[in-house]
Every structure is written in structure tokens, then in C-alpha cells.
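Enquirer: Okay, here's the structure, questions in a sec.
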Amino acid sequence: MPGEAPQPRVVVALVAVGAAPDPREAAALTAAERRHADGLRDVVAAPFVAARALLRRTLAEVAGVPLATVRLGVDPHGKLAPAGPLSGWHCNVSHTDGLAAVAVARGVRVGVDVERVADDGDRRCRRVLPSVLAPGEATTVDGAADADRLPTFLAIWTRKEAFLKGVGCGLTVEPRLVDVGPSGPRIRAAPHELEPERWCLHDLAAGPSHAGALAVAAPDAVVDRRPAPPVPGRGLPPGGAT
Ligand SMILES: CC(C)(COP(=O)(O)OP(=O)(O)OC[C@H]1O[C@@H](n2cnc3c(N)ncnc32)[C@H](O)[C@@H]1OP(=O)(O)O)[C@@H](O)C(=O)NCCC(=O)NCCS
């Protein structure tokens, strides 16, 4: 309809992460980012480089600007914020063993989280469960069949962290004060200052080894899950959208 605001659009991309930083991906980073990565152990540097390169390439592609013009600032809590020609855009990144994810949108806040399904996850999930889950969530996880317990916990956890990262407070807010449940678009409860009613949750199909979720501060946003933009010098994208 004429005069109506366009429907907000969020682009999400995921990429597989290798054991060491990929120099072809590192080429998309700024000199400061490359220096930062050089000071990290490979196990930390590889996901950092993959996520930053994916973020810069995705922003450039979606906003239609040259890669070299993508500038990133950081807010006082540590959340990245596109700057310069991309001011007014929002983004978030997450990286874990084997996978990185980014979300970008114009004029809409976004948060993303991915986690690896670890071999010892069930034991760890039982240990951390009471401290991070809202009572209703803990009941859901406790009541899950053995094989479903860890996937249920990780679904809840990634949804919760995506929301807290979208807001920008991260884990400075007690996670157990936020009740997202294991599925569905709405946040069931959260401190009112986080304005949970504005947010919508989307589960990301991240493959058998990972769980992932996206939070968007717009209930009517269209979510566009994309293949990672190609890395020059590499034949095929090293991962894919889901
Ligand atoms: C942000 C936080 C949730 C990250 O959790 P994690 O599971 O370890 O890591 P993820 O891979 O999912 O996310 C990492 C990314 O989150 C982003 N991030 C950092 N702080 C963030 C925040 N407050 N909100 C949203 N995103 C944030 C960063 O871009 C980071 O990636 P980078 O270091 O490569 O740039 C967690 O570290 C946290 O809440 N910290 C508390 C915030 C804090 O202490 N800030 C210090 C300044 S007040």
C-alpha cells in the first residue's frame, strides 16, 4: 500500500569454521582486526576471522556497498554497530567451534547465537541448567526424553542468548529472568525494560552438530537465510545458509 513502511528484512548467513584462520577470509578484515587475530591462538582466531569476514561481506552485499567501505563501531557493551555509510544498519555475530553466524538488517535490531552440540553436553547441561533457565524452561528440559534433553536445552539457550545479544546487554542480565521456552516466536517473560513484546525469535537450522537462533526486534520481519558470500580464491562457499 502506498505510504506504508516496507516490511523489515533480516539477512542471516552461516559459515563453517576450520581449525586455523583462513588467509583468504582474513583479507576481508581491517589491519586492526588482523592484528587482533594474530595475537590469538588458532582455536580462537579461526572463528573470529570467519565471523568478521562473513559479517563484512554480508553487509557489503546486502547494503550494496564496496567491501572496503564497511565500517564497524562497537557500543559500550561490546555489540558491533555498522558505521559511516552503513549507519542505521544493525548486526550481530556469533561463533563457536566449527560454525560462525551473522545477522544484518537495516533499521531493526538483531541478535544471533550458535552453539556446538558437544559430546559432554548432557552432563554440562545438567550442571548449568538451574542457574540459567527460568522455572518453566527447567521443567521442560527436565521432562524431555534422554535423547531430547540436550537439544531442548540448546534450543532454549540459543534463543535466550540471541535475545539478550539483540538487546545488547548480553549476559549482564540474569539469563534465568528471561523465559523464551524451546520454540515459538514470542518471549514468554523478561524484565520489562528489555521490551520483550517487541521481539520475535526464529530457530536457525544449523545442522546436526550445532544449534542456533535469531532474535529480531520486529514481529513482521522477513528472514532471508543466505549462503555465505563467496570468498575470492576459494571455489565454493565453505558453508551454506540453512
Ligand atoms: C556477549 C556475550 C553474550 C557473548 O557470548 P558468547 O557465547 O561467548 O559468544 P558469541 O560467539 O555468541 O558472541 C560473540 C560476539 O558477540 C558480540 N558481542 C559482544 N558483546 C555483546 C553485547 N553486549 N551484545 C551483543 N553482542 C555482543 C561480539 O561481536 C562478539 O564477537 P567478536 O568478539 O568476534 O566481535 C557474552 O560475552 C556477554 O554477555 N558478555 C557480557 C557483556 C559484557 O561483559 N560486556 C563488557 C562491556 S560492559
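Starting from 1 in every chain, residues are counted up; chains themselves are A, B, ... following the order of the C-alpha cells, and ligands are numbered from 1 as listed.
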For chain A versus ligand 1, which residues have an atom no more than 10 Å away, and what is each residue's nearest atom pair and distance in Å rounded to one decimal, using only C-alpha atoms and all ligand atoms, chain-then-number order, as a Markdown table?

Expert:
| residue | atom | partner | partner_atom_place_in_ligand_line | distance |
| --- | --- | --- | --- | --- |
| A:Glu33 | CA | ligand 1 | 34 (O) | 9.6 |
| A:Ala37 | CA | ligand 1 | 34 (O) | 9.7 |
| A:Val44 | CA | ligand 1 | 34 (O) | 9.2 |
| A:Ala45 | CA | ligand 1 | 34 (O) | 9.0 |
| A:Pro47 | CA | ligand 1 | 34 (O) | 7.6 |
| A:Phe48 | CA | ligand 1 | 34 (O) | 4.7 |
| A:Val49 | CA | ligand 1 | 34 (O) | 7.7 |
| A:Ala50 | CA | ligand 1 | 34 (O) | 9.0 |
| A:Ala51 | CA | ligand 1 | 34 (O) | 6.5 |
| A:Arg52 | CA | ligand 1 | 34 (O) | 6.5 |
| A:Leu55 | CA | ligand 1 | 29 (O) | 9.8 |
| A:Leu72 | CA | ligand 1 | 35 (O) | 10.0 |
| A:Val74 | CA | ligand 1 | 29 (O) | 8.1 |
| A:Asp75 | CA | ligand 1 | 23 (N) | 7.9 |
| A:Pro76 | CA | ligand 1 | 48 (S) | 6.0 |
| A:His77 | CA | ligand 1 | 48 (S) | 4.0 |
| A:Gly78 | CA | ligand 1 | 20 (N) | 3.6 |
| A:Lys79 | CA | ligand 1 | 27 (C) | 3.8 |
| A:Leu80 | CA | ligand 1 | 29 (O) | 5.3 |
| A:Ala81 | CA | ligand 1 | 29 (O) | 8.9 |
| A:Cys91 | CA | ligand 1 | 29 (O) | 8.7 |
| A:Asn92 | CA | ligand 1 | 26 (N) | 5.9 |
| A:Val93 | CA | ligand 1 | 15 (C) | 5.2 |
| A:Ser94 | CA | ligand 1 | 11 (O) | 3.5 |
| A:His95 | CA | ligand 1 | 11 (O) | 3.8 |
| A:Thr96 | CA | ligand 1 | 11 (O) | 5.7 |
| A:Asp97 | CA | ligand 1 | 11 (O) | 9.4 |
| A:Leu99 | CA | ligand 1 | 11 (O) | 9.5 |
| A:Ala100 | CA | ligand 1 | 11 (O) | 7.7 |
| A:Ala101 | CA | ligand 1 | 11 (O) | 8.5 |
| A:Val102 | CA | ligand 1 | 29 (O) | 9.4 |
| A:Val110 | CA | ligand 1 | 25 (C) | 8.9 |
| A:Gly111 | CA | ligand 1 | 25 (C) | 6.7 |
| A:Val112 | CA | ligand 1 | 12 (O) | 7.0 |
| A:Asp113 | CA | ligand 1 | 12 (O) | 4.8 |
| A:Val114 | CA | ligand 1 | 12 (O) | 6.2 |
| A:Glu115 | CA | ligand 1 | 7 (O) | 7.5 |
| A:Trp157 | CA | ligand 1 | 7 (O) | 9.9 |
| A:Thr158 | CA | ligand 1 | 12 (O) | 8.5 |
| A:Lys160 | CA | ligand 1 | 3 (C) | 9.8 |
| A:Glu161 | CA | ligand 1 | 3 (C) | 6.2 |
| A:Ala162 | CA | ligand 1 | 12 (O) | 7.8 |
| A:Phe163 | CA | ligand 1 | 25 (C) | 8.9 |
| A:Leu164 | CA | ligand 1 | 24 (N) | 6.8 |
| A:Lys165 | CA | ligand 1 | 25 (C) | 3.6 |
| A:Gly166 | CA | ligand 1 | 25 (C) | 5.8 |
| A:Val167 | CA | ligand 1 | 24 (N) | 6.7 |
| A:Gly168 | CA | ligand 1 | 24 (N) | 3.6 |
| A:Cys169 | CA | ligand 1 | 23 (N) | 4.6 |
| A:Gly170 | CA | ligand 1 | 39 (O) | 3.4 |
| A:Leu171 | CA | ligand 1 | 39 (O) | 3.4 |
| A:Thr172 | CA | ligand 1 | 41 (C) | 5.1 |
| A:Val173 | CA | ligand 1 | 39 (O) | 8.0 |
| A:Glu174 | CA | ligand 1 | 39 (O) | 9.8 |
| A:Pro175 | CA | ligand 1 | 39 (O) | 9.7 |
| A:Gly212 | CA | ligand 1 | 12 (O) | 9.7 |

Enquirer: Can you tell me, as a ChimeraX atom specification, what residues are no more than 12 Å from Arg188 of chain A when counting only C-alpha atoms, ignoring any on the same chain fewer than 4 positions away?

Expert: /A:134-137,156,159-160,163,177-184,192,195-201

Enquirer: In terms of the shortest atom-to-atom distance over only C-alpha atoms, which of A:Ala27, A:Leu86, A:Ala103, A:Ala5 is closest to Thr58 of chain A?

Expert: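 Comparing A:Ala27, A:Leu86, A:Ala103, A:Ala5 against Thr58 of chain A, the winner is A:Ala103.
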
Enquirer: Enter the distance from atom CA of Val222 of chain A to atom CA of Val104 of chain A, in Å, rounded to one decimal.

Expert: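 Pair atom CA of Val222 of chain A / atom CA of Val104 of chain A returns 12.0 Å.
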
Enquirer: Segment 25-234 of chain A: which residues are strand (DSSP E) by DSSP, as a VMD selection string?

Expert: chain A and resid 71 to 74 80 to 83 89 to 96 99 to 106 110 to 116 200 to 204 210 to 216 222 to 226

Enquirer: Set the distance at 6 Å and use only C-alpha atoms: which residues neighbour Pro82 of chain A once local chain neighbours fewer than 6 positions away are removed? I'd like the list as a PyMOL selection string.

Expert: chain A and resi 71-73+89

Enquirer: Just write the chosen residues, N, CA and C atoms, as a short mmCIF file (atom, residue, chain, number, x, y, z; two decimals), in the first residue's frame.

Expert:
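Below is the file that was written, again32.cif:
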data_model
loop_
_atom_site.label_atom_id
_atom_site.label_comp_id
_atom_site.auth_asym_id
_atom_site.auth_seq_id
_atom_site.Cartn_x
_atom_site.Cartn_y
_atom_site.Cartn_z
N ARG A 71 32.33 -0.04 7.60
CA ARG A 71 33.00 0.33 8.86
C ARG A 71 32.17 -0.20 10.02
N LEU A 72 32.89 -0.69 11.05
CA LEU A 72 32.20 -1.24 12.22
C LEU A 72 32.65 -0.50 13.46
N GLY A 73 31.68 0.00 14.22
CA GLY A 73 31.97 0.54 15.54
C GLY A 73 31.54 -0.50 16.57
N TRP A 89 22.19 0.71 10.04
CA TRP A 89 22.12 -0.74 9.93
C TRP A 89 22.45 -1.36 11.28
#

Enquirer: Which one is closest to Asp220 of chain A: A:Val15, A:His202, A:Gly143, A:Pro66? Count only C-alpha atoms.

Expert: A:His202

Enquirer: If you run DSSP over the backbone, which residues in segment 12-230 of chain A end up alpha helix (DSSP H)? Put them as JSON, numbers by chain.

Expert: {"A": [23, 24, 25, 26, 31, 32, 33, 34, 35, 36, 37, 38, 42, 43, 44, 45, 46, 47, 48, 49, 50, 51, 52, 53, 54, 55, 56, 57, 58, 59, 60, 61, 62, 63, 121, 122, 123, 124, 125, 126, 127, 128, 129, 130, 131, 132, 135, 136, 137, 138, 139, 140, 141, 142, 143, 146, 147, 148, 149, 150, 151, 152, 153, 154, 155, 156, 157, 158, 159, 160, 161, 162, 163, 164, 165, 166, 167]}

Enquirer: Separation of atom CA of Leu129 of chain A and atom CA of Phe153 of chain A, in Å?

Expert: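 Going from atom CA of Leu129 of chain A over to atom CA of Phe153 of chain A, I get 8.0 Å.
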
Enquirer: Name all residues at most 8 Å from Pro8 of chain A (count only C-alpha atoms; drop same-chain ones fewer than 5 positions away) and give them as a PyMOL selection string.

Expert: chain A and resi 105-108+218+220-222

Enquirer: Could you tell me how far atom CA of Ala60 of chain A lies from atom CA of Val11 of chain A, in Å and to one decimal?

Expert: 11.9 Å

Enquirer: Need to verify the contact set: Leu204 of chain A, 8 Å, only C-alpha atoms, exclusion of same-chain residues closer than 3 positions in sequence. Can you return it as a PyMOL selection string?

Expert: chain A and resi 211-214+242

Enquirer: Save out the residues we just selected, C-alpha atoms, as a PDB file, in the first residue's frame.

Expert:
ATOM      1  CA  ALA A 211      22.021 -25.208  17.478  1.00  0.00           C
ATOM      2  CA  GLY A 212      21.210 -21.634  16.525  1.00  0.00           C
ATOM      3  CA  ALA A 213      18.655 -18.891  16.991  1.00  0.00           C
ATOM      4  CA  LEU A 214      17.924 -15.391  15.747  1.00  0.00           C
ATOM      5  CA  THR A 242      20.030 -23.103   6.130  1.00  0.00           C
TER       6      THR A 242
END
